>>> print(open('work31.txt').read())   # compact mmCIF, C-alpha atoms
# COMPACT_ATOMS: atom_id res chain seq x y z
CA MET A 1 58.95 -64.05 60.05
CA GLN A 2 61.41 -66.13 62.02
CA SER A 3 65.10 -65.37 61.56
CA THR A 4 67.43 -68.29 61.17
CA GLN A 5 71.03 -68.35 62.27
CA MET A 6 73.63 -69.99 60.07
CA GLN A 7 75.49 -72.93 61.47
CA ALA A 8 78.87 -74.29 60.50
CA LEU A 9 78.80 -76.72 57.61
CA SER A 10 79.83 -80.28 58.33
CA CYS A 11 82.94 -81.81 56.76
CA LYS A 12 80.72 -83.94 54.54
CA GLU A 13 78.79 -80.87 53.36
CA LEU A 14 82.03 -79.00 52.66
CA GLU A 15 83.38 -81.98 50.69
CA TYR A 16 80.16 -82.14 48.67
CA ILE A 17 80.35 -78.42 47.87
CA ALA A 18 84.05 -78.71 46.95
CA ASP A 19 83.24 -81.63 44.62
CA SER A 20 80.41 -79.63 43.08
CA ILE A 21 82.70 -76.65 42.48
CA SER A 22 85.24 -78.97 40.86
CA ASN A 23 82.55 -80.50 38.64
CA GLU A 24 81.23 -77.09 37.61
CA ASP A 25 84.78 -75.96 36.81
CA LEU A 26 85.34 -79.00 34.59
CA LEU A 27 82.04 -78.41 32.76
CA ILE A 28 82.93 -74.75 32.24
CA LYS A 29 86.30 -75.69 30.72
CA GLN A 30 84.76 -78.34 28.47
CA LEU A 31 81.98 -76.04 27.29
CA ALA A 32 84.42 -73.20 26.59
CA ALA A 33 86.69 -75.54 24.59
CA THR A 34 83.76 -76.91 22.60
CA ALA A 35 82.36 -73.44 21.90
CA ALA A 36 85.79 -72.26 20.75
CA THR A 37 86.41 -75.17 18.39
CA THR A 38 83.02 -75.92 16.86
CA GLN A 39 82.01 -74.53 13.50
CA ASN A 40 78.31 -75.16 14.14
CA GLN A 41 76.66 -71.92 15.31
CA ALA A 42 73.80 -73.72 17.06
CA VAL A 43 76.19 -75.86 19.09
CA GLN A 44 78.30 -72.82 19.87
CA GLN A 45 75.25 -70.91 21.10
CA ILE A 46 74.08 -73.80 23.30
CA CYS A 47 77.57 -74.16 24.76
CA GLN A 48 77.63 -70.43 25.58
CA GLN A 49 74.24 -70.66 27.30
CA HIS A 50 75.31 -73.64 29.37
CA LEU A 51 78.62 -71.95 30.11
CA GLN A 52 76.79 -69.00 31.66
CA SER A 53 74.54 -71.31 33.66
CA HIS A 54 77.42 -73.36 35.07
CA THR A 55 79.39 -70.20 35.84
CA GLN A 56 76.41 -68.96 37.88
CA HIS A 57 76.21 -72.31 39.68
CA MET A 58 79.90 -72.18 40.57
CA ASN A 59 79.61 -68.58 41.76
CA SER A 60 76.65 -69.54 43.95
CA LEU A 61 78.63 -72.39 45.51
CA ILE A 62 81.60 -70.11 46.15
CA GLN A 63 79.31 -67.52 47.75
CA LEU A 64 77.87 -70.22 49.98
CA ILE A 65 81.34 -71.15 51.17
CA GLN A 66 82.19 -67.49 51.77
CA GLN A 67 78.98 -66.90 53.74
CA HIS A 68 79.75 -69.84 56.01
CA GLN A 69 83.45 -69.07 56.38
CA GLN A 70 82.86 -67.06 59.54
CA TYR A 71 81.20 -70.09 61.13
CA ALA A 72 84.05 -72.47 60.33
CA PRO A 73 85.99 -73.71 63.32
CA THR A 74 89.47 -72.24 63.60
CA GLN A 75 92.55 -74.30 64.20
CA PRO A 76 95.10 -73.22 66.79
CA GLN A 77 98.39 -72.09 65.29
>>> encode(input="work31.txt", output="structure tokens")
Amino acid sequence: MQSTQMQALSCKELEYIADSISNEDLLIKQLAATAATTQNQAVQQICQQHLQSHTQHMNSLIQLIQQHQQYAPTQPQ
């Protein structure tokens, strides 16, 4: 098995990930609000399921950023 070395993410890739995190955050907030206000149990359950899924997506994106943080170029101070 060949080992692969991580490389720094490009600015475009970082922007895409940041946009994705922002989108996931918005979906999480909307799903939580809908689940909290709906009286329909089926809708509430679906919102909770999607809430968990989008929370996992956001956590995965954040982990990706954290894993690549050590490869990010540093700026002189």
>>> residues_near_point(input="work31.txt", point="(75.5, -68.6, 62.4)", cutoff="9 Å", atoms="all atoms listed in the file", output="PDB file with C-alpha atoms, in the coordinates of the input")
ATOM      1  CA  THR A   4      67.430 -68.290  61.170  1.00  0.00           C
ATOM      2  CA  GLN A   5      71.030 -68.350  62.270  1.00  0.00           C
ATOM      3  CA  MET A   6      73.630 -69.990  60.070  1.00  0.00           C
ATOM      4  CA  GLN A   7      75.490 -72.930  61.470  1.00  0.00           C
ATOM      5  CA  ALA A   8      78.870 -74.290  60.500  1.00  0.00           C
ATOM      6  CA  HIS A  68      79.750 -69.840  56.010  1.00  0.00           C
ATOM      7  CA  GLN A  70      82.860 -67.060  59.540  1.00  0.00           C
ATOM      8  CA  TYR A  71      81.200 -70.090  61.130  1.00  0.00           C
TER       9      TYR A  71
END
>>> atom_distance(input="work31.txt", atom1="CA of Gln52 (chain A)", atom2="CA of Gln30 (chain A)")
12.7 Å
>>> closest_residue(input="work31.txt", among="A:Leu9, A:Ala32, A:Ile17, A:Glu24", to="Gln44 (chain A)", atoms="all atoms listed in the file")
A:Ala32
>>> residues_around(input="work31.txt", residues="Asp19 (chain A)", least_positions_apart="6", cutoff="12 Å", atoms="all atoms listed in the file", output="ChimeraX atom specification")
/A:12-13,25-26,58,61-62
>>> residues_near_point(input="work31.txt", point="(84.2, -75.5, 20.7)", cutoff="12 Å", atoms="all atoms listed in the file", output="list in words")
Ile28, Lys29, Gln30, Leu31, Ala32, Ala33, Thr34, Ala35, Ala36, Thr37, Thr38, Gln39, Asn40, Gln41, Ala42, Val43, Gln44, Gln45, Ile46, Cys47, Gln48 and Leu51 of chain A
>>> write_last_selection(input="work31.txt", atoms="C-alpha atoms", output="PDB file, keeping the file's coordinate frame")
ATOM      1  CA  ILE A  28      82.930 -74.750  32.240  1.00  0.00           C
ATOM      2  CA  LYS A  29      86.300 -75.690  30.720  1.00  0.00           C
ATOM      3  CA  GLN A  30      84.760 -78.340  28.470  1.00  0.00           C
ATOM      4  CA  LEU A  31      81.980 -76.040  27.290  1.00  0.00           C
ATOM      5  CA  ALA A  32      84.420 -73.200  26.590  1.00  0.00           C
ATOM      6  CA  ALA A  33      86.690 -75.540  24.590  1.00  0.00           C
ATOM      7  CA  THR A  34      83.760 -76.910  22.600  1.00  0.00           C
ATOM      8  CA  ALA A  35      82.360 -73.440  21.900  1.00  0.00           C
ATOM      9  CA  ALA A  36      85.790 -72.260  20.750  1.00  0.00           C
ATOM     10  CA  THR A  37      86.410 -75.170  18.390  1.00  0.00           C
ATOM     11  CA  THR A  38      83.020 -75.920  16.860  1.00  0.00           C
ATOM     12  CA  GLN A  39      82.010 -74.530  13.500  1.00  0.00           C
ATOM     13  CA  ASN A  40      78.310 -75.160  14.140  1.00  0.00           C
ATOM     14  CA  GLN A  41      76.660 -71.920  15.310  1.00  0.00           C
ATOM     15  CA  ALA A  42      73.800 -73.720  17.060  1.00  0.00           C
ATOM     16  CA  VAL A  43      76.190 -75.860  19.090  1.00  0.00           C
ATOM     17  CA  GLN A  44      78.300 -72.820  19.870  1.00  0.00           C
ATOM     18  CA  GLN A  45      75.250 -70.910  21.100  1.00  0.00           C
ATOM     19  CA  ILE A  46      74.080 -73.800  23.300  1.00  0.00           C
ATOM     20  CA  CYS A  47      77.570 -74.160  24.760  1.00  0.00           C
ATOM     21  CA  GLN A  48      77.630 -70.430  25.580  1.00  0.00           C
ATOM     22  CA  LEU A  51      78.620 -71.950  30.110  1.00  0.00           C
TER      23      LEU A  51
END
>>> atom_distance(input="work31.txt", atom1="CA of Ser10 (chain A)", atom2="CA of Leu27 (chain A)")
25.7 Å
>>> closest_residue(input="work31.txt", among="A:His57, A:Gln69, A:Gln63, A:Gln49", to="Ser20 (chain A)", atoms="only C-alpha atoms")
A:His57
>>> build_atoms(input="work31.txt", residues="region 33-47 of chain A", atoms="N, CA and C atoms", output="PDB file, in the coordinates of the input")
ATOM      1  N   ALA A  33      85.875 -74.921  25.647  1.00  0.00           N
ATOM      2  CA  ALA A  33      86.690 -75.540  24.590  1.00  0.00           C
ATOM      3  C   ALA A  33      85.816 -75.933  23.398  1.00  0.00           C
ATOM      4  N   THR A  34      84.664 -76.507  23.681  1.00  0.00           N
ATOM      5  CA  THR A  34      83.760 -76.910  22.600  1.00  0.00           C
ATOM      6  C   THR A  34      83.253 -75.694  21.833  1.00  0.00           C
ATOM      7  N   ALA A  35      82.859 -74.652  22.552  1.00  0.00           N
ATOM      8  CA  ALA A  35      82.360 -73.440  21.900  1.00  0.00           C
ATOM      9  C   ALA A  35      83.445 -72.804  21.033  1.00  0.00           C
ATOM     10  N   ALA A  36      84.694 -72.884  21.479  1.00  0.00           N
ATOM     11  CA  ALA A  36      85.790 -72.260  20.750  1.00  0.00           C
ATOM     12  C   ALA A  36      86.183 -73.041  19.495  1.00  0.00           C
ATOM     13  N   THR A  37      85.925 -74.342  19.502  1.00  0.00           N
ATOM     14  CA  THR A  37      86.410 -75.170  18.390  1.00  0.00           C
ATOM     15  C   THR A  37      85.326 -75.575  17.394  1.00  0.00           C
ATOM     16  N   THR A  38      84.080 -75.477  17.773  1.00  0.00           N
ATOM     17  CA  THR A  38      83.020 -75.920  16.860  1.00  0.00           C
ATOM     18  C   THR A  38      82.752 -74.893  15.763  1.00  0.00           C
ATOM     19  N   GLN A  39      82.376 -75.399  14.623  1.00  0.00           N
ATOM     20  CA  GLN A  39      82.010 -74.530  13.500  1.00  0.00           C
ATOM     21  C   GLN A  39      80.493 -74.350  13.425  1.00  0.00           C
ATOM     22  N   ASN A  40      79.770 -75.182  14.157  1.00  0.00           N
ATOM     23  CA  ASN A  40      78.310 -75.160  14.140  1.00  0.00           C
ATOM     24  C   ASN A  40      77.815 -74.055  15.078  1.00  0.00           C
ATOM     25  N   GLN A  41      77.139 -73.069  14.518  1.00  0.00           N
ATOM     26  CA  GLN A  41      76.660 -71.920  15.310  1.00  0.00           C
ATOM     27  C   GLN A  41      75.659 -72.321  16.379  1.00  0.00           C
ATOM     28  N   ALA A  42      74.801 -73.290  16.081  1.00  0.00           N
ATOM     29  CA  ALA A  42      73.800 -73.720  17.060  1.00  0.00           C
ATOM     30  C   ALA A  42      74.475 -74.372  18.259  1.00  0.00           C
ATOM     31  N   VAL A  43      75.457 -75.216  17.994  1.00  0.00           N
ATOM     32  CA  VAL A  43      76.190 -75.860  19.090  1.00  0.00           C
ATOM     33  C   VAL A  43      76.961 -74.823  19.886  1.00  0.00           C
ATOM     34  N   GLN A  44      77.552 -73.878  19.199  1.00  0.00           N
ATOM     35  CA  GLN A  44      78.300 -72.820  19.870  1.00  0.00           C
ATOM     36  C   GLN A  44      77.389 -72.003  20.792  1.00  0.00           C
ATOM     37  N   GLN A  45      76.192 -71.684  20.306  1.00  0.00           N
ATOM     38  CA  GLN A  45      75.250 -70.910  21.100  1.00  0.00           C
ATOM     39  C   GLN A  45      74.789 -71.690  22.342  1.00  0.00           C
ATOM     40  N   ILE A  46      74.499 -72.962  22.166  1.00  0.00           N
ATOM     41  CA  ILE A  46      74.080 -73.800  23.300  1.00  0.00           C
ATOM     42  C   ILE A  46      75.199 -73.906  24.328  1.00  0.00           C
ATOM     43  N   CYS A  47      76.426 -74.087  23.848  1.00  0.00           N
ATOM     44  CA  CYS A  47      77.570 -74.160  24.760  1.00  0.00           C
ATOM     45  C   CYS A  47      77.710 -72.861  25.558  1.00  0.00           C
TER      46      CYS A  47
END
